[in-house]
Structures are given as C-alpha cells and as structure tokens.
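What follows is model-v4.cif (mmCIF, C-alpha atoms).
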data_query
#
loop_
_atom_site.group_PDB
_atom_site.id
_atom_site.type_symbol
_atom_site.label_atom_id
_atom_site.label_comp_id
_atom_site.auth_asym_id
_atom_site.auth_seq_id
_atom_site.Cartn_x
_atom_site.Cartn_y
_atom_site.Cartn_z
ATOM 1 C CA MET A 1 0.000 0.000 0.000
ATOM 2 C CA SER A 2 2.859 2.424 0.637
ATOM 3 C CA ASP A 3 3.693 2.211 -3.093
ATOM 4 C CA THR A 4 0.146 3.271 -3.873
ATOM 5 C CA SER A 5 0.376 6.242 -1.521
ATOM 6 C CA VAL A 6 3.630 7.357 -3.145
ATOM 7 C CA GLN A 7 2.200 6.845 -6.638
ATOM 8 C CA PHE A 8 -0.956 8.718 -5.632
ATOM 9 C CA GLY A 9 1.185 11.630 -4.464
ATOM 10 C CA GLU A 10 3.116 11.676 -7.730
ATOM 11 C CA VAL A 11 -0.057 11.740 -9.817
ATOM 12 C CA ILE A 12 -1.659 14.447 -7.669
ATOM 13 C CA GLY A 13 1.571 16.450 -7.820
ATOM 14 C CA ALA A 14 1.471 16.459 -11.627
ATOM 15 C CA CYS A 15 -2.239 17.350 -11.610
ATOM 16 C CA ARG A 16 -1.677 20.170 -9.118
ATOM 17 C CA GLU A 17 1.178 21.536 -11.201
ATOM 18 C CA LEU A 18 -1.097 21.788 -14.256
ATOM 19 C CA PHE A 19 -3.927 23.198 -12.104
ATOM 20 C CA GLY A 20 -1.560 25.868 -10.753
ATOM 21 C CA LYS A 21 -0.398 26.851 -14.243
ATOM 22 C CA LYS A 22 -3.981 27.149 -15.472
ATOM 23 C CA LEU A 23 -4.852 29.123 -12.353
ATOM 24 C CA GLN A 24 -2.015 31.494 -13.278
ATOM 25 C CA ASP A 25 -3.190 31.759 -16.915
ATOM 26 C CA TYR A 26 -6.958 32.004 -16.386
ATOM 27 C CA GLY A 27 -7.431 32.821 -12.741
ATOM 28 C CA ALA A 28 -10.230 30.927 -11.029
ATOM 29 C CA ALA A 29 -12.623 31.441 -13.968
ATOM 30 C CA TRP A 30 -14.155 28.066 -13.113
ATOM 31 C CA ARG A 31 -15.683 29.704 -10.009
ATOM 32 C CA VAL A 32 -18.583 30.831 -12.240
ATOM 33 C CA LEU A 33 -19.499 27.211 -13.053
ATOM 34 C CA ARG A 34 -22.512 25.728 -11.339
ATOM 35 C CA PRO A 35 -21.943 22.209 -9.979
ATOM 36 C CA SER A 36 -23.974 20.659 -12.809
ATOM 37 C CA SER A 37 -21.683 22.340 -15.347
ATOM 38 C CA ILE A 38 -18.624 20.825 -13.680
ATOM 39 C CA THR A 39 -20.286 17.411 -13.684
ATOM 40 C CA ASP A 40 -20.965 17.835 -17.396
ATOM 41 C CA GLN A 41 -17.294 18.679 -17.972
ATOM 42 C CA ILE A 42 -16.328 15.426 -16.267
ATOM 43 C CA TYR A 43 -18.960 13.643 -18.358
ATOM 44 C CA ILE A 44 -17.423 15.052 -21.563
ATOM 45 C CA LYS A 45 -13.959 13.850 -20.530
ATOM 46 C CA VAL A 46 -14.945 10.326 -19.482
ATOM 47 C CA ASN A 47 -17.247 9.924 -22.488
ATOM 48 C CA ARG A 48 -14.335 10.805 -24.812
ATOM 49 C CA ILE A 49 -12.098 8.266 -23.063
ATOM 50 C CA ARG A 50 -14.786 5.572 -23.418
ATOM 51 C CA THR A 51 -15.326 6.406 -27.093
ATOM 52 C CA ILE A 52 -11.609 6.080 -27.795
ATOM 53 C CA GLN A 53 -11.386 2.830 -25.819
ATOM 54 C CA ILE A 54 -14.425 1.361 -27.611
ATOM 55 C CA THR A 55 -13.567 2.481 -31.150
ATOM 56 C CA GLY A 56 -9.788 2.308 -30.868
ATOM 57 C CA LYS A 57 -9.645 5.559 -32.817
ATOM 58 C CA LYS A 58 -9.168 9.193 -31.881
ATOM 59 C CA MET A 59 -9.526 12.212 -34.117
ATOM 60 C CA VAL A 60 -8.029 14.801 -31.740
ATOM 61 C CA GLU A 61 -4.466 14.382 -30.538
ATOM 62 C CA GLU A 62 -5.192 14.718 -26.833
ATOM 63 C CA SER A 63 -4.205 11.757 -24.711
ATOM 64 C CA GLU A 64 -6.385 9.645 -22.461
ATOM 65 C CA GLU A 65 -3.950 10.480 -19.683
ATOM 66 C CA GLY A 66 -4.663 14.182 -20.172
ATOM 67 C CA GLU A 67 -8.377 13.496 -19.891
ATOM 68 C CA PHE A 68 -7.870 11.585 -16.623
ATOM 69 C CA ILE A 69 -5.870 14.539 -15.293
ATOM 70 C CA ALA A 70 -8.806 16.781 -16.232
ATOM 71 C CA ILE A 71 -11.210 14.459 -14.382
ATOM 72 C CA ILE A 72 -9.046 14.723 -11.265
ATOM 73 C CA ASN A 73 -8.827 18.505 -11.453
ATOM 74 C CA TYR A 74 -12.526 18.962 -12.254
ATOM 75 C CA SER A 75 -13.405 16.661 -9.350
ATOM 76 C CA ILE A 76 -11.389 18.835 -6.987
ATOM 77 C CA ILE A 77 -12.970 21.950 -8.511
ATOM 78 C CA ALA A 78 -16.403 20.386 -7.888
ATOM 79 C CA LEU A 79 -15.526 19.715 -4.250
ATOM 80 C CA ILE A 80 -14.368 23.311 -3.851
ATOM 81 C CA GLN A 81 -17.584 24.556 -5.451
ATOM 82 C CA LEU A 82 -19.674 22.368 -3.136
ATOM 83 C CA GLU A 83 -17.943 24.046 -0.188
ATOM 84 C CA LYS A 84 -17.854 27.626 -1.446
ATOM 85 C CA GLY A 85 -20.761 27.749 -3.894
ATOM 86 C CA PHE A 86 -20.358 29.173 -7.371
ATOM 87 C CA SER A 87 -19.615 32.856 -7.793
ATOM 88 C CA ASN A 88 -19.797 35.510 -10.483
ATOM 89 C CA ASP A 89 -16.533 36.875 -9.106
ATOM 90 C CA PHE A 90 -13.533 34.734 -9.888
ATOM 91 C CA ASN A 91 -10.844 37.024 -8.487
ATOM 92 C CA GLU A 92 -9.859 34.534 -5.810
ATOM 93 C CA ASN A 93 -6.628 34.497 -3.862
ATOM 94 C CA ARG A 94 -4.329 32.026 -5.627
ATOM 95 C CA GLU A 95 -2.871 30.670 -2.385
ATOM 96 C CA ASP A 96 -6.326 30.135 -0.880
ATOM 97 C CA ILE A 97 -7.418 28.164 -3.947
ATOM 98 C CA LEU A 98 -4.256 26.042 -3.906
ATOM 99 C CA ALA A 99 -4.766 25.389 -0.184
ATOM 100 C CA LEU A 100 -8.295 24.133 -0.932
ATOM 101 C CA TYR A 101 -6.881 21.989 -3.740
ATOM 102 C CA ASP A 102 -4.371 20.473 -1.325
ATOM 103 C CA HIS A 103 -7.066 19.939 1.310
ATOM 104 C CA TYR A 104 -9.319 17.954 -1.040
ATOM 105 C CA ALA A 105 -6.389 16.051 -2.546
ATOM 106 C CA ALA A 106 -5.354 14.997 0.975
ATOM 107 C CA GLU A 107 -8.933 13.975 1.804
ATOM 108 C CA ALA A 108 -9.050 11.924 -1.388
ATOM 109 C CA GLN A 109 -5.777 10.216 -0.526
ATOM 110 C CA ASN A 110 -6.980 9.432 2.982
ATOM 111 C CA LEU A 111 -10.189 7.925 1.576
ATOM 112 C CA MET A 112 -8.200 5.962 -1.008
ATOM 113 C CA GLU A 113 -5.917 4.518 1.670
ATOM 114 C CA ARG A 114 -8.863 3.401 3.821
ATOM 115 C CA LYS A 115 -10.720 1.852 0.885
ATOM 116 C CA ASN A 116 -7.538 0.319 -0.515
ATOM 117 C CA HIS A 117 -6.994 -1.416 2.805
ATOM 118 C CA ASP A 118 -10.512 -2.848 2.840
ATOM 119 C CA TYR A 119 -10.573 -3.814 -0.848
ATOM 120 C CA GLY A 120 -7.027 -5.165 -0.943
ATOM 121 C CA GLU A 121 -5.971 -2.972 -3.881
ATOM 122 C CA ALA A 122 -8.357 -4.850 -6.203
ATOM 123 C CA TRP A 123 -8.054 -1.988 -8.703
ATOM 124 C CA ARG A 124 -4.545 -3.166 -9.571
ATOM 125 C CA ASP A 125 -6.058 -6.285 -11.191
ATOM 126 C CA MET A 126 -8.667 -4.295 -13.094
ATOM 127 C CA ARG A 127 -8.485 -3.041 -16.663
ATOM 128 C CA ILE A 128 -8.279 0.687 -17.311
ATOM 129 C CA SER A 129 -11.455 0.313 -19.387
ATOM 130 C CA SER A 130 -13.307 -1.130 -16.374
ATOM 131 C CA ILE A 131 -12.167 1.702 -14.136
ATOM 132 C CA THR A 132 -13.231 4.137 -16.865
ATOM 133 C CA ASP A 133 -16.691 2.541 -16.794
ATOM 134 C CA LEU A 134 -16.825 3.060 -13.024
ATOM 135 C CA ILE A 135 -16.048 6.760 -13.493
ATOM 136 C CA TYR A 136 -18.744 6.915 -16.168
ATOM 137 C CA GLN A 137 -21.232 5.286 -13.804
ATOM 138 C CA LYS A 138 -20.305 7.711 -11.004
ATOM 139 C CA VAL A 139 -20.767 10.737 -13.256
ATOM 140 C CA LEU A 140 -24.188 9.462 -14.373
ATOM 141 C CA ARG A 141 -25.149 8.952 -10.728
ATOM 142 C CA THR A 142 -23.969 12.459 -9.944
ATOM 143 C CA LYS A 143 -26.048 13.895 -12.783
ATOM 144 C CA GLN A 144 -29.098 12.051 -11.431
ATOM 145 C CA ILE A 145 -28.538 13.361 -7.894
ATOM 146 C CA GLU A 146 -28.195 16.878 -9.302
ATOM 147 C CA ASP A 147 -31.397 16.417 -11.313
ATOM 148 C CA ASN A 148 -33.046 15.397 -8.013
ATOM 149 C CA GLN A 149 -31.815 18.689 -6.453
ATOM 150 C CA GLY A 150 -29.338 16.764 -4.317
ATOM 151 C CA ALA A 151 -31.960 14.610 -2.619
ATOM 152 C CA THR A 152 -31.107 10.956 -2.071
ATOM 153 C CA LEU A 153 -32.904 8.218 -0.176
ATOM 154 C CA VAL A 154 -30.067 5.811 0.580
ATOM 155 C CA SER A 155 -27.165 6.919 -1.595
ATOM 156 C CA GLU A 156 -24.010 8.824 -0.805
ATOM 157 C CA GLY A 157 -24.027 12.476 -1.723
ATOM 158 C CA LEU A 158 -22.332 14.415 -4.465
ATOM 159 C CA ASP A 159 -19.026 14.764 -2.635
ATOM 160 C CA ALA A 160 -18.587 10.990 -2.296
ATOM 161 C CA ASN A 161 -19.066 10.563 -6.031
ATOM 162 C CA TYR A 162 -16.519 13.287 -6.841
ATOM 163 C CA PHE A 163 -13.995 11.681 -4.477
ATOM 164 C CA ASP A 164 -14.549 8.297 -6.146
ATOM 165 C CA MET A 165 -14.145 9.741 -9.661
ATOM 166 C CA LEU A 166 -10.962 11.478 -8.558
ATOM 167 C CA ASN A 167 -9.498 8.332 -7.016
ATOM 168 C CA TYR A 168 -10.474 6.102 -9.951
ATOM 169 C CA ALA A 169 -8.806 8.554 -12.341
ATOM 170 C CA VAL A 170 -5.651 8.465 -10.188
ATOM 171 C CA PHE A 171 -5.684 4.656 -10.423
ATOM 172 C CA CYS A 172 -5.893 4.876 -14.218
ATOM 173 C CA LEU A 173 -2.925 7.238 -14.357
ATOM 174 C CA ILE A 174 -0.908 4.954 -12.088
ATOM 175 C CA LYS A 175 -1.739 2.043 -14.405
ATOM 176 C CA PHE A 176 -0.773 4.085 -17.516
ATOM 177 C CA LYS A 177 2.548 4.961 -15.906
ATOM 178 C CA ARG A 178 3.240 1.287 -15.146
ATOM 179 C CA LYS A 179 2.492 0.391 -18.773
ATOM 180 C CA THR A 180 5.062 2.887 -20.047
ATOM 181 C CA SER A 181 7.829 2.244 -17.511
#
Any chance you could put this one into structure tokens?
Amino acid sequence: MSDTSVQFGEVIGACRELFGKKLQDYGAAWRVLRPSSITDQIYIKVNRIRTIQITGKKMVEESEEGEFIAIINYSIIALIQLEKGFSNDFNENREDILALYDHYAAEAQNLMERKNHDYGEAWRDMRISSITDLIYQKVLRTKQIEDNQGATLVSEGLDANYFDMLNYAVFCLIKFKRKTS
C-alpha cells in the first residue's frame, strides 16, 4: 500500500502543477461554473475516453492520460464549489485556492488509503477500461442526484461521487505509468 500512496502523491503532484499553471493563466474562472456544469465537464472527458477505448480511434491528438488529469482537477474543482458555492466573481486568492486543492487532494488520498486497505488494492487487477466505466457510472449517478436537487434516499451524496471519480482517475494514471515504464 505504501507504493500506492507514493504513486498517488506523484499523480496528484502532476495534476496540481497543471492546475496551478492554469490558475495562473486564467485565474479561477471556473468559479462561475454551477456544480452541474462541472459534472458535465467530467462527463465530456470520461465519455471521450470511453469512445476512444471502444472504437480504438481518436480524431483529436489529446491523450487519455490528459483526460484523466482533467477528471481529477474537475473533481477537486467540484468539491471546492460544493464548499464555497459558485460565484460571479472569480478574483480569488491564488494561495487560498491552492490550499483548498491540497485539502481535497489529501482527503481523497486518505479515503483511497482506507478503501484500498478494505478492498485489498483490487483496482490493480482491473483493466483501465473497467475503471473508466466506473467513473462513467459515477458521473451518471452524480447527474441524477443533481437532477433530483441533491436529494437521495439511501445513496451517498455528491461529494462521495466526486472523491470516487478522482481516485479512480488516479488509479488509471498509475496504471498508464506502469504500462510505459
């Protein structure tokens, strides 16, 4: 499990680096997005990955790995938005935003470590396509919860789904890295 924690940290570090660069370029323009818009962004990314996996063909030269990074960053953005609410003002303090990013990344890692213990790192024996399907399922569940105005009878809330999508995307990136090393 310690390997997984180290690998998780490496993946999150690369995602945070890109997030920080985009934060520098665009500011926190994503603060204007309503939660459903962020969910739809994740849907677009995972749907593209699935299409490429199913057809074996891509028409745009953007990698699956880049899409998984986007899923991770959008999931953290969604968690931030759930806490802060969306805003028409996106002139946020850069350090405050990065601190929130780090907070949710650490929460995700803690959750991953607890679940990994209980599930015995079963994800390591799974195919990337199967993990992609799990992300797809989670995003569809999230859309349904949003369509129900957040009301659930027995299901986990929106935040749990975003954490799961984030962690599944990290697993995919770890698996991609192992394939290329």
Computed interatomic separation between atom CA of A:Cys15 and atom CA of A:Lys84 (Å):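 So the answer is 21.3 Å.
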Nearest-residue call for A:Ile76, choices A:Thr39, A:Thr152, A:Ser129, A:Asn47, using all atoms listed in the file: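 Among the listed residues, the smallest separation from A:Ile76 belongs to A:Thr39.
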Selection dump of the PyMOL selection byres ((chain A and resi 46) around 8), as a VMD selection string: chain A and resid 42 to 45 47 to 50 67 to 68 71 132 135 to 136
Residues returned when the PyMOL selection byres ((chain A and resi 87-95) around 6) runs on this file, as number ranges by chain: A: 28-29, 31-32, 86, 96-98
Two-atom distance - atom CA of A:Leu100, atom CA of A:Ile80 (Å):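 Result for atom CA of A:Leu100 versus atom CA of A:Ile80: 6.8 Å, one decimal.
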Atom CA of A:Phe171 to atom CA of A:Trp123, straight-line distance in Å: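 Between atom CA of A:Trp123 and atom CA of A:Phe171 the gap works out to 7.3 Å.
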Picked residues, the PyMOL selection byres ((chain A and resi 170) around 10), as a list in words: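 Those residues are Gln7, Phe8, Gly9, Glu10, Val11, Ile12, Cys15, Glu65, Phe68, Ile69, Ile71, Ile72, Gln109, Met112, Asp164, Met165, Leu166, Asn167, Tyr168, Ala169, Phe171, Cys172, Leu173, Ile174, Lys175 and Phe176 of chain A.
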Top pick for closest residue to A:Ala108, considering A:Glu17, A:Asp159, A:Glu121, A:Glu146 and counting all atoms listed in the file: A:Asp159
Exercise: A:Lys143 partners within 10 Å, all atoms listed in the file, chain neighbours under 3 positions left out, as a PyMOL selection string: chain A and resi 35-37+39-40+43+137-140+146-150+158
Include C-alpha atoms and write out the residues we just selected as a PDB file, in the coordinates of the input.
ATOM      1  CA  PRO A  35     -21.943  22.209  -9.979  1.00  0.00           C
ATOM      2  CA  SER A  36     -23.974  20.659 -12.809  1.00  0.00           C
ATOM      3  CA  SER A  37     -21.683  22.340 -15.347  1.00  0.00           C
ATOM      4  CA  THR A  39     -20.286  17.411 -13.684  1.00  0.00           C
ATOM      5  CA  ASP A  40     -20.965  17.835 -17.396  1.00  0.00           C
ATOM      6  CA  TYR A  43     -18.960  13.643 -18.358  1.00  0.00           C
ATOM      7  CA  GLN A 137     -21.232   5.286 -13.804  1.00  0.00           C
ATOM      8  CA  LYS A 138     -20.305   7.711 -11.004  1.00  0.00           C
ATOM      9  CA  VAL A 139     -20.767  10.737 -13.256  1.00  0.00           C
ATOM     10  CA  LEU A 140     -24.188   9.462 -14.373  1.00  0.00           C
ATOM     11  CA  GLU A 146     -28.195  16.878  -9.302  1.00  0.00           C
ATOM     12  CA  ASP A 147     -31.397  16.417 -11.313  1.00  0.00           C
ATOM     13  CA  ASN A 148     -33.046  15.397  -8.013  1.00  0.00           C
ATOM     14  CA  GLN A 149     -31.815  18.689  -6.453  1.00  0.00           C
ATOM     15  CA  GLY A 150     -29.338  16.764  -4.317  1.00  0.00           C
ATOM     16  CA  LEU A 158     -22.332  14.415  -4.465  1.00  0.00           C
TER      17      LEU A 158
END
Nearest-residue call for A:Leu111, choices A:Ala160, A:Ile128, A:Val60, A:Ala70, using only C-alpha atoms: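 That would be A:Ala160, the residue with the smallest distance to A:Leu111.
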Top pick for closest residue to A:Tyr74, considering A:Tyr104, A:Val154, A:His117, A:Ile38 and counting all atoms listed in the file: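 For A:Tyr74, the nearest of the given residues is A:Ile38.
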Near-A:Ser155 list (10 Å; only C-alpha atoms; drop same-chain fewer than 4 positions) as a list of chain:residue names: A:Arg141, A:Ile145, A:Ala151, A:Ala160, A:Asn161
Option closest in space to A:Asn110, from A:Phe163, A:Arg127, A:Gly20, A:Gln41 [counting all atoms listed in the file]: A:Phe163
Using only C-alpha atoms: which of A:Tyr101, A:Phe19, A:Tyr162, A:Trp30 has the shortest distance to A:Leu134: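 Among A:Tyr101, A:Phe19, A:Tyr162, A:Trp30, it is A:Tyr162 that comes nearest to A:Leu134.
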Atoms are missing here; could stretch 62-90 of chain A be completed with N, CA and C atoms and written as a PDB file, keeping the file's coordinate frame?
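Everything below was put into selection.pdb:
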ATOM      1  N   GLU A  62      -5.288  14.497 -28.271  1.00  0.00           N
ATOM      2  CA  GLU A  62      -5.192  14.718 -26.833  1.00  0.00           C
ATOM      3  C   GLU A  62      -5.237  13.345 -26.200  1.00  0.00           C
ATOM      4  N   SER A  63      -4.361  13.098 -25.261  1.00  0.00           N
ATOM      5  CA  SER A  63      -4.205  11.757 -24.711  1.00  0.00           C
ATOM      6  C   SER A  63      -5.294  11.408 -23.701  1.00  0.00           C
ATOM      7  N   GLU A  64      -5.501  10.114 -23.525  1.00  0.00           N
ATOM      8  CA  GLU A  64      -6.385   9.645 -22.461  1.00  0.00           C
ATOM      9  C   GLU A  64      -5.857  10.100 -21.106  1.00  0.00           C
ATOM     10  N   GLU A  65      -4.543  10.061 -20.942  1.00  0.00           N
ATOM     11  CA  GLU A  65      -3.950  10.480 -19.683  1.00  0.00           C
ATOM     12  C   GLU A  65      -4.320  11.922 -19.361  1.00  0.00           C
ATOM     13  N   GLY A  66      -4.279  12.783 -20.375  1.00  0.00           N
ATOM     14  CA  GLY A  66      -4.663  14.182 -20.172  1.00  0.00           C
ATOM     15  C   GLY A  66      -6.111  14.329 -19.746  1.00  0.00           C
ATOM     16  N   GLU A  67      -6.959  13.460 -20.268  1.00  0.00           N
ATOM     17  CA  GLU A  67      -8.377  13.496 -19.891  1.00  0.00           C
ATOM     18  C   GLU A  67      -8.566  13.027 -18.446  1.00  0.00           C
ATOM     19  N   PHE A  68      -7.787  12.022 -18.021  1.00  0.00           N
ATOM     20  CA  PHE A  68      -7.870  11.585 -16.623  1.00  0.00           C
ATOM     21  C   PHE A  68      -7.371  12.679 -15.678  1.00  0.00           C
ATOM     22  N   ILE A  69      -6.341  13.406 -16.092  1.00  0.00           N
ATOM     23  CA  ILE A  69      -5.870  14.539 -15.293  1.00  0.00           C
ATOM     24  C   ILE A  69      -6.994  15.569 -15.166  1.00  0.00           C
ATOM     25  N   ALA A  70      -7.686  15.830 -16.265  1.00  0.00           N
ATOM     26  CA  ALA A  70      -8.806  16.781 -16.232  1.00  0.00           C
ATOM     27  C   ALA A  70      -9.903  16.298 -15.290  1.00  0.00           C
ATOM     28  N   ILE A  71     -10.188  15.001 -15.291  1.00  0.00           N
ATOM     29  CA  ILE A  71     -11.210  14.459 -14.382  1.00  0.00           C
ATOM     30  C   ILE A  71     -10.805  14.695 -12.928  1.00  0.00           C
ATOM     31  N   ILE A  72      -9.534  14.482 -12.629  1.00  0.00           N
ATOM     32  CA  ILE A  72      -9.046  14.723 -11.265  1.00  0.00           C
ATOM     33  C   ILE A  72      -9.217  16.197 -10.900  1.00  0.00           C
ATOM     34  N   ASN A  73      -8.762  17.081 -11.777  1.00  0.00           N
ATOM     35  CA  ASN A  73      -8.827  18.505 -11.453  1.00  0.00           C
ATOM     36  C   ASN A  73     -10.266  19.011 -11.403  1.00  0.00           C
ATOM     37  N   TYR A  74     -11.113  18.561 -12.317  1.00  0.00           N
ATOM     38  CA  TYR A  74     -12.526  18.962 -12.254  1.00  0.00           C
ATOM     39  C   TYR A  74     -13.206  18.399 -11.005  1.00  0.00           C
ATOM     40  N   SER A  75     -12.818  17.219 -10.574  1.00  0.00           N
ATOM     41  CA  SER A  75     -13.405  16.661  -9.350  1.00  0.00           C
ATOM     42  C   SER A  75     -13.038  17.519  -8.141  1.00  0.00           C
ATOM     43  N   ILE A  76     -11.794  17.957  -8.087  1.00  0.00           N
ATOM     44  CA  ILE A  76     -11.389  18.835  -6.987  1.00  0.00           C
ATOM     45  C   ILE A  76     -12.090  20.186  -7.101  1.00  0.00           C
ATOM     46  N   ILE A  77     -12.222  20.708  -8.308  1.00  0.00           N
ATOM     47  CA  ILE A  77     -12.970  21.950  -8.511  1.00  0.00           C
ATOM     48  C   ILE A  77     -14.404  21.777  -8.005  1.00  0.00           C
ATOM     49  N   ALA A  78     -15.025  20.640  -8.325  1.00  0.00           N
ATOM     50  CA  ALA A  78     -16.403  20.386  -7.888  1.00  0.00           C
ATOM     51  C   ALA A  78     -16.499  20.377  -6.368  1.00  0.00           C
ATOM     52  N   LEU A  79     -15.527  19.747  -5.712  1.00  0.00           N
ATOM     53  CA  LEU A  79     -15.526  19.715  -4.250  1.00  0.00           C
ATOM     54  C   LEU A  79     -15.369  21.123  -3.672  1.00  0.00           C
ATOM     55  N   ILE A  80     -14.528  21.927  -4.291  1.00  0.00           N
ATOM     56  CA  ILE A  80     -14.368  23.311  -3.851  1.00  0.00           C
ATOM     57  C   ILE A  80     -15.686  24.071  -4.033  1.00  0.00           C
ATOM     58  N   GLN A  81     -16.319  23.871  -5.179  1.00  0.00           N
ATOM     59  CA  GLN A  81     -17.584  24.556  -5.451  1.00  0.00           C
ATOM     60  C   GLN A  81     -18.679  24.121  -4.476  1.00  0.00           C
ATOM     61  N   LEU A  82     -18.687  22.827  -4.113  1.00  0.00           N
ATOM     62  CA  LEU A  82     -19.674  22.368  -3.136  1.00  0.00           C
ATOM     63  C   LEU A  82     -19.484  23.091  -1.799  1.00  0.00           C
ATOM     64  N   GLU A  83     -18.227  23.345  -1.448  1.00  0.00           N
ATOM     65  CA  GLU A  83     -17.943  24.046  -0.188  1.00  0.00           C
ATOM     66  C   GLU A  83     -18.253  25.532  -0.285  1.00  0.00           C
ATOM     67  N   LYS A  84     -17.781  26.162  -1.353  1.00  0.00           N
ATOM     68  CA  LYS A  84     -17.854  27.626  -1.446  1.00  0.00           C
ATOM     69  C   LYS A  84     -19.078  28.136  -2.204  1.00  0.00           C
ATOM     70  N   GLY A  85     -19.705  27.279  -3.007  1.00  0.00           N
ATOM     71  CA  GLY A  85     -20.761  27.749  -3.894  1.00  0.00           C
ATOM     72  C   GLY A  85     -20.137  28.408  -5.118  1.00  0.00           C
ATOM     73  N   PHE A  86     -20.913  28.506  -6.190  1.00  0.00           N
ATOM     74  CA  PHE A  86     -20.358  29.173  -7.371  1.00  0.00           C
ATOM     75  C   PHE A  86     -20.471  30.678  -7.187  1.00  0.00           C
ATOM     76  N   SER A  87     -19.718  31.413  -7.974  1.00  0.00           N
ATOM     77  CA  SER A  87     -19.615  32.856  -7.793  1.00  0.00           C
ATOM     78  C   SER A  87     -19.490  33.534  -9.152  1.00  0.00           C
ATOM     79  N   ASN A  88     -20.011  34.723  -9.261  1.00  0.00           N
ATOM     80  CA  ASN A  88     -19.797  35.510 -10.483  1.00  0.00           C
ATOM     81  C   ASN A  88     -18.466  36.242 -10.445  1.00  0.00           C
ATOM     82  N   ASP A  89     -17.841  36.239  -9.276  1.00  0.00           N
ATOM     83  CA  ASP A  89     -16.533  36.875  -9.106  1.00  0.00           C
ATOM     84  C   ASP A  89     -15.483  35.781  -9.016  1.00  0.00           C
ATOM     85  N   PHE A  90     -14.545  35.780  -9.939  1.00  0.00           N
ATOM     86  CA  PHE A  90     -13.533  34.734  -9.888  1.00  0.00           C
ATOM     87  C   PHE A  90     -12.152  35.298  -9.557  1.00  0.00           C
TER      88      PHE A  90
END
